[in-house]
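Text of work-v3.cif, listed as mmCIF, C-alpha atoms and all ligand atoms:
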data_coords
loop_
_atom_site.label_atom_id
_atom_site.label_comp_id
_atom_site.auth_asym_id
_atom_site.auth_seq_id
_atom_site.Cartn_x
_atom_site.Cartn_y
_atom_site.Cartn_z
CA MET Y 1 36.18 95.32 121.53
CA ASP Y 2 38.55 97.68 119.65
CA ARG Y 3 41.10 97.21 122.38
CA ILE Y 4 40.77 93.41 122.21
CA ARG Y 5 41.33 93.39 118.43
CA GLU Y 6 44.31 95.68 118.80
CA GLN Y 7 45.87 93.39 121.44
CA TRP Y 8 45.47 90.31 119.23
CA LYS Y 9 47.16 92.24 116.42
CA VAL Y 10 50.14 93.09 118.63
CA PHE Y 11 50.30 89.48 119.80
CA ASP Y 12 50.29 88.20 116.21
CA GLU Y 13 53.06 90.58 115.23
CA CYS Y 14 55.21 89.37 118.14
CA SER Y 15 54.44 85.70 117.44
CA LYS Y 16 55.56 86.05 113.82
CA GLU Y 17 59.11 86.56 115.03
CA LEU Y 18 59.21 83.15 116.70
CA ALA Y 19 61.09 80.50 114.77
CA LEU Y 20 59.03 77.63 116.24
CA PRO Y 21 55.44 76.62 115.50
CA VAL Y 22 53.05 78.03 118.10
CA HIS Y 23 50.16 76.08 119.67
CA HIS Y 24 48.05 78.28 121.90
CA THR Y 25 46.17 77.20 125.01
CA ILE Y 26 43.14 79.27 125.83
CA GLY Y 27 43.38 81.28 129.06
CA ASN Y 28 40.85 83.29 131.03
CA HIS Y 29 42.05 86.53 129.43
CA ASP Y 30 41.41 85.12 125.95
CA VAL Y 31 37.67 84.87 126.61
CA VAL Y 32 35.77 88.06 125.84
CA GLY Y 33 33.65 89.43 128.67
CA TRP Y 34 33.89 86.57 131.21
CA SER Y 35 34.92 88.84 134.03
CA THR Y 36 32.88 90.90 136.44
CA LYS Y 37 35.16 93.82 135.49
CA SER Y 38 34.54 93.57 131.74
CA PRO Y 39 32.64 96.33 129.96
CA VAL Y 40 31.74 93.83 127.17
CA LYS Y 41 28.23 92.50 127.74
CA PRO Y 42 26.79 89.01 127.02
CA THR Y 43 24.72 90.57 124.23
CA ASP Y 44 27.86 91.55 122.28
CA GLN Y 45 28.33 89.39 119.17
CA ASP Y 46 31.94 88.58 120.12
CA TYR Y 47 31.20 87.72 123.77
CA GLY Y 48 32.84 84.48 124.91
CA LYS Y 49 35.26 82.21 123.09
CA LYS Y 50 34.33 83.02 119.50
CA LEU Y 51 37.39 85.13 118.64
CA PHE Y 52 39.78 82.57 120.11
CA ALA Y 53 38.04 79.66 118.39
CA GLU Y 54 38.32 81.47 115.04
CA ARG Y 55 42.06 81.97 115.53
CA PHE Y 56 42.40 78.36 116.67
CA GLY Y 57 40.95 77.36 113.30
CA LEU Y 58 38.51 74.86 114.83
CA ALA Y 59 34.93 74.95 116.01
CA ARG Y 60 36.24 73.93 119.44
CA THR Y 61 38.94 75.35 121.69
CA TYR Y 62 40.85 72.15 122.55
CA ARG Y 63 42.76 69.67 120.45
CA SER Y 64 45.70 67.26 120.37
CA PHE Y 65 48.54 66.26 118.09
CA ASP Y 66 51.49 63.87 117.91
CA HIS Y 67 55.08 64.99 117.53
CA LYS Y 68 58.15 62.75 117.41
CA GLY Y 69 56.73 59.95 119.54
CA TRP Y 70 54.93 62.18 122.05
CA HIS Y 71 51.27 63.08 122.31
CA PHE Y 72 50.26 66.65 123.18
CA ILE Y 73 46.81 67.48 124.51
CA ILE Y 74 45.82 71.13 124.62
CA LEU Y 75 42.86 71.58 126.92
CA ASP Y 76 40.37 74.37 127.42
CA SER Y 77 40.10 74.71 131.19
CA ILE Y 78 38.10 77.93 131.15
CA GLY Y 79 34.54 77.41 132.27
CA GLN Y 80 31.93 80.03 133.12
CA ASN Y 81 30.33 80.30 136.51
CA LYS Y 82 26.63 80.44 135.70
CA GLU Y 83 25.81 82.71 138.65
CA THR Y 84 28.54 85.33 138.45
CA LEU Y 85 29.22 84.98 134.69
CA ASP Y 86 32.91 85.18 135.65
CA TYR Y 87 35.34 82.45 134.57
CA GLU Y 88 36.19 79.37 136.64
CA GLY Y 89 38.45 76.37 136.18
CA TRP Y 90 36.32 73.71 134.52
CA ILE Y 91 36.54 71.03 131.82
CA ASP Y 92 33.09 70.62 130.29
CA GLU Y 93 31.28 67.38 129.42
CA ALA Y 94 31.77 67.60 125.63
CA GLN Y 95 35.50 68.08 126.11
CA LEU Y 96 35.69 65.22 128.61
CA ASP Y 97 34.03 62.88 126.10
CA TRP Y 98 36.56 63.97 123.50
CA LEU Y 99 39.43 63.59 125.99
CA LYS Y 100 38.41 60.03 126.90
CA LYS Y 101 38.44 59.05 123.23
CA ASP Y 102 41.68 60.89 122.57
CA LEU Y 103 43.44 59.10 125.45
CA ALA Y 104 42.07 55.72 124.39
CA ALA Y 105 43.36 56.29 120.85
CA THR Y 106 46.77 57.32 122.20
CA GLY Y 107 47.18 54.13 124.19
CA ARG Y 108 48.82 53.32 127.50
CA THR Y 109 52.49 53.65 126.63
CA LYS Y 110 52.98 56.75 124.50
CA PRO Y 111 54.28 59.66 126.62
CA ILE Y 112 51.76 62.48 126.98
CA VAL Y 113 52.06 66.19 127.72
CA MET Y 114 48.83 67.82 128.78
CA VAL Y 115 48.48 71.60 128.66
CA THR Y 116 45.89 73.50 130.69
CA HIS Y 117 45.88 77.21 131.42
CA ILE Y 118 44.38 76.85 134.90
CA PRO Y 119 46.45 74.41 136.97
CA PHE Y 120 45.25 70.99 138.10
CA TYR Y 121 47.09 71.48 141.40
CA THR Y 122 48.79 74.46 142.99
CA THR Y 123 50.21 75.27 146.41
CA TRP Y 124 51.31 78.88 146.38
CA HIS Y 125 47.98 80.16 147.73
CA GLN Y 126 48.57 78.17 150.91
CA VAL Y 127 52.14 79.42 151.06
CA MET Y 128 50.75 82.97 151.17
CA GLY Y 129 47.47 82.42 153.02
CA GLY Y 130 48.19 79.50 155.31
CA PRO Y 131 47.14 75.84 155.36
CA ASP Y 132 43.44 76.47 155.97
CA LEU Y 133 42.99 78.60 152.88
CA HIS Y 134 40.24 77.25 150.66
CA LEU Y 135 40.99 77.55 146.94
CA ASP Y 136 38.20 79.06 144.94
CA GLY Y 137 37.15 77.84 141.49
CA LYS Y 138 39.35 80.39 139.79
CA ALA Y 139 42.63 78.98 141.11
CA ILE Y 140 42.30 75.34 140.03
CA VAL Y 141 40.22 73.17 137.73
CA ARG Y 142 37.23 72.75 140.02
CA ASN Y 143 35.88 69.51 138.56
CA LEU Y 144 39.24 67.78 138.06
CA HIS Y 145 38.58 65.47 140.97
CA THR Y 146 35.57 63.94 139.21
CA PHE Y 147 37.73 62.58 136.36
CA ARG Y 148 41.26 62.51 137.80
CA LYS Y 149 41.37 58.70 137.96
CA LEU Y 150 40.88 58.53 134.20
CA PHE Y 151 44.51 59.60 133.78
CA ASP Y 152 46.01 56.76 135.84
CA ALA Y 153 45.86 54.28 132.95
CA TYR Y 154 47.97 56.46 130.65
CA ASN Y 155 51.58 57.57 130.44
CA ILE Y 156 50.97 61.21 131.32
CA GLN Y 157 54.41 62.63 132.01
CA LEU Y 158 53.70 66.31 132.30
CA VAL Y 159 50.81 68.64 132.95
CA LEU Y 160 51.81 72.18 131.99
CA SER Y 161 49.88 75.17 133.24
CA GLY Y 162 50.06 78.91 133.62
CA HIS Y 163 47.56 81.23 135.30
CA GLY Y 164 49.21 81.80 138.69
CA HIS Y 165 52.36 83.44 137.22
CA VAL Y 166 54.44 81.39 139.67
CA VAL Y 167 57.06 78.80 138.89
CA GLU Y 168 55.88 75.71 140.70
CA ARG Y 169 56.72 72.04 140.29
CA ILE Y 170 54.56 69.39 141.94
CA GLU Y 171 55.20 65.67 141.51
CA ILE Y 172 52.47 63.22 142.43
CA GLY Y 173 53.02 59.62 141.46
CA LYS Y 174 54.17 59.38 137.86
CA VAL Y 175 53.02 62.86 136.89
CA THR Y 176 54.81 66.19 137.17
CA TYR Y 177 52.68 69.33 137.28
CA LEU Y 178 54.59 72.39 136.13
CA GLN Y 179 53.24 75.90 136.49
CA GLY Y 180 55.44 77.82 134.13
CA GLY Y 181 55.85 81.32 135.56
CA ALA Y 182 55.10 84.31 133.35
CA VAL Y 183 56.88 86.41 130.77
CA CYS Y 184 55.29 89.44 132.50
CA GLY Y 185 56.18 88.24 136.03
CA MET Y 186 53.94 90.17 138.40
CA TRP Y 187 52.07 91.85 135.54
CA TRP Y 188 55.22 93.76 134.44
CA LYS Y 189 55.73 95.03 138.00
CA GLY Y 190 58.61 92.76 138.94
CA PRO Y 191 59.48 89.17 139.84
CA VAL Y 192 57.10 86.70 141.52
CA PHE Y 193 58.49 85.17 144.75
CA GLY Y 194 61.90 86.47 143.66
CA LYS Y 195 61.82 84.50 140.40
CA PRO Y 196 62.65 86.70 137.41
CA GLU Y 197 60.20 87.20 134.55
CA GLY Y 198 60.63 84.30 132.16
CA PHE Y 199 59.40 81.16 130.51
CA GLY Y 200 60.13 77.47 130.51
CA THR Y 201 61.47 75.16 127.86
CA VAL Y 202 60.75 71.46 128.02
CA THR Y 203 62.83 68.99 126.09
CA CYS Y 204 60.96 65.76 125.29
CA ARG Y 205 63.28 62.94 124.27
CA ARG Y 206 62.57 59.97 122.05
CA ASP Y 207 63.09 57.58 124.97
CA GLY Y 208 60.05 59.09 126.75
CA THR Y 209 62.03 61.16 129.26
CA TRP Y 210 62.03 64.93 129.50
CA SER Y 211 63.79 67.85 131.14
CA TRP Y 212 62.73 71.40 131.92
CA LYS Y 213 64.54 74.67 132.27
CA TYR Y 214 63.19 78.01 133.41
CA ARG Y 215 64.65 80.89 131.43
CA ASP Y 216 65.10 84.48 132.51
CA PHE Y 217 64.97 86.58 129.35
CA GLY Y 218 66.55 89.58 131.00
CA TRP Y 219 63.56 91.90 131.25
CA LYS Y 220 63.48 94.26 134.24
CA ALA Y 221 60.48 96.17 135.55
CA ARG Y 222 60.85 99.94 135.59
CA LYS Y 223 60.55 101.09 139.19
ZN ZN Y 301 45.03 83.04 133.82
#
Rewritten as structure tokens:
Amino acid sequence: MDRIREQWKVFDECSKELALPVHHTIGNHDVVGWSTKSPVKPTDQDYGKKLFAERFGLARTYRSFDHKGWHFIILDSIGQNKETLDYEGWIDEAQLDWLKKDLAATGRTKPIVMVTHIPFYTTWHQVMGGPDLHLDGKAIVRNLHTFRKLFDAYNIQLVLSGHGHVVERIEIGKVTYLQGGAVCGMWWKGPVFGKPEGFGTVTCRRDGTWSWKYRDFGWKARK
């Protein structure tokens, strides 16, 4: 737990230097103890999403906001596998109820950016493992298929994700799914698929269109 608190402190100090407002999306590494490798036990008072929720400033770990004609939905896609107690990609029932209401209130025309740590769709596992590879519940949002059709009625332009550390762009119908790479690349050990360590910037325009650019910030892994 000391290590976790120390890491949040370092993160806060770095974030302070950013000129832009920061809206975090919860990722699997932000949840305390939901890993088979974690020494933090379920009996610990800070086990789970408590620390993140406190920093988020809400009782829940998902929310939305409007900015200059666009609607941004920040999801919590980190579920817990009840058998292994490890994380899995999952949007729970309470959040889905909230999401349905949030979309209905947004209406059918306003452009929407959805943010989810674990991707809705991803292909790089098959690139590496072949076409028969079955994705486990850690690679994608496992229950997405049960509510996917809900999105068809709305102007969802972009679904942004992280998790896989790859830069990946998938377009299906009206929606573009962007997996944004990683500032740490291959966990500070070098580029992923030859793509340098970096981050993406998305420009959302008032006319409802957008553009995206991946940025190499010049960091190089020490060999
Ligand atoms: Zn992740």
Counting only C-alpha atoms and all ligand atoms, the residue among Y:Gly137, Y:Gly79, Y:Pro42, Y:Gly164 that lies closest to ligand ZN 301 (chain Y) is Y:Gly164
Within 8 Å of ligand ZN 301 (chain Y) (counting all atoms listed in the file), which residues show up? I'd like them as a PyMOL selection string.
chain Y and resi 27-29+117-118+162-164
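Note that CA of Thr84 in chain Y and CA of Met128 in chain Y are 25.7 Å apart.
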For Gly69 in chain Y, work out the shell of residues within 9 Å, counting all atoms listed in the file and skipping chain neighbours fewer than 2 positions away, then give it as a PyMOL selection string.
chain Y and resi 66-67+71+110-111+205-208
Two-atom distance - CA of Gly198 in chain Y, CA of Asp30 in chain Y (Å)
20.2 Å
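With CA of Gly181 in chain Y on one side and CA of Pro39 in chain Y on the other, the separation reads 28.2 Å.
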Please provide the set of residues having any atom within 12 Å of Tyr177 in chain Y, restricted to only C-alpha atoms, with same-chain residues fewer than 3 positions apart removed, written as a VMD selection string.
chain Y and resid 113 to 123 156 to 162 167 to 174 180 212
How would the residues just chosen look if you wrote them out with C-alpha atoms as a short mmCIF file (atom, residue, chain, number, x, y, z; two decimals), in the frame of the given file?
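Writing the result to again.cif gives the following:
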data_model
loop_
_atom_site.label_atom_id
_atom_site.label_comp_id
_atom_site.auth_asym_id
_atom_site.auth_seq_id
_atom_site.Cartn_x
_atom_site.Cartn_y
_atom_site.Cartn_z
CA VAL Y 113 52.06 66.19 127.72
CA MET Y 114 48.83 67.82 128.78
CA VAL Y 115 48.48 71.60 128.66
CA THR Y 116 45.89 73.50 130.69
CA HIS Y 117 45.88 77.21 131.42
CA ILE Y 118 44.38 76.85 134.90
CA PRO Y 119 46.45 74.41 136.97
CA PHE Y 120 45.25 70.99 138.10
CA TYR Y 121 47.09 71.48 141.40
CA THR Y 122 48.79 74.46 142.99
CA THR Y 123 50.21 75.27 146.41
CA ILE Y 156 50.97 61.21 131.32
CA GLN Y 157 54.41 62.63 132.01
CA LEU Y 158 53.70 66.31 132.30
CA VAL Y 159 50.81 68.64 132.95
CA LEU Y 160 51.81 72.18 131.99
CA SER Y 161 49.88 75.17 133.24
CA GLY Y 162 50.06 78.91 133.62
CA VAL Y 167 57.06 78.80 138.89
CA GLU Y 168 55.88 75.71 140.70
CA ARG Y 169 56.72 72.04 140.29
CA ILE Y 170 54.56 69.39 141.94
CA GLU Y 171 55.20 65.67 141.51
CA ILE Y 172 52.47 63.22 142.43
CA GLY Y 173 53.02 59.62 141.46
CA LYS Y 174 54.17 59.38 137.86
CA GLY Y 180 55.44 77.82 134.13
CA TRP Y 212 62.73 71.40 131.92
#
Counting all atoms listed in the file, which residues sit no farther than 12 Å from the position (35.8, 80.7, 131.0) in the file's frame? I'd like them as a PyMOL selection string.
chain Y and resi 26-36+47-50+52+61+76-82+84-92+117-118+137-138+141
Within 12 Å of (33.4, 99.0, 119.5) (coordinates as in the file), grab all the protein and nucleic acid residues, counting only C-alpha atoms, and write them out as an MDAnalysis selection string.
chainID Y and resid 1:6 39:41 44:46
Give me, as a ChimeraX atom specification, all polymer residues having an atom no more than 8 Å from Ser211 in chain Y, counting all atoms listed in the file and skipping those fewer than 3 positions away in the same chain.
/Y:202-204
Can those selected residues be exported to a file as a compact mmCIF listing (two decimals), in the frame of the given file so that it contains C-alpha atoms?
# COMPACT_ATOMS: atom_id res chain seq x y z
CA VAL Y 202 60.75 71.46 128.02
CA THR Y 203 62.83 68.99 126.09
CA CYS Y 204 60.96 65.76 125.29
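Using only C-alpha atoms, the shortest contact distance between Trp219 in chain Y and any of Y:Gly107, Y:Pro191, Y:Gly200, Y:Pro21 is found at Y:Pro191.
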Polymer residues at most 12 Å from Gly190 in chain Y, all atoms listed in the file, same-chain spacing of 6 or more positions, as JSON, numbers by chain
{"Y": [165, 182, 183, 184, 196, 197, 198, 218, 219, 220, 221, 222, 223]}
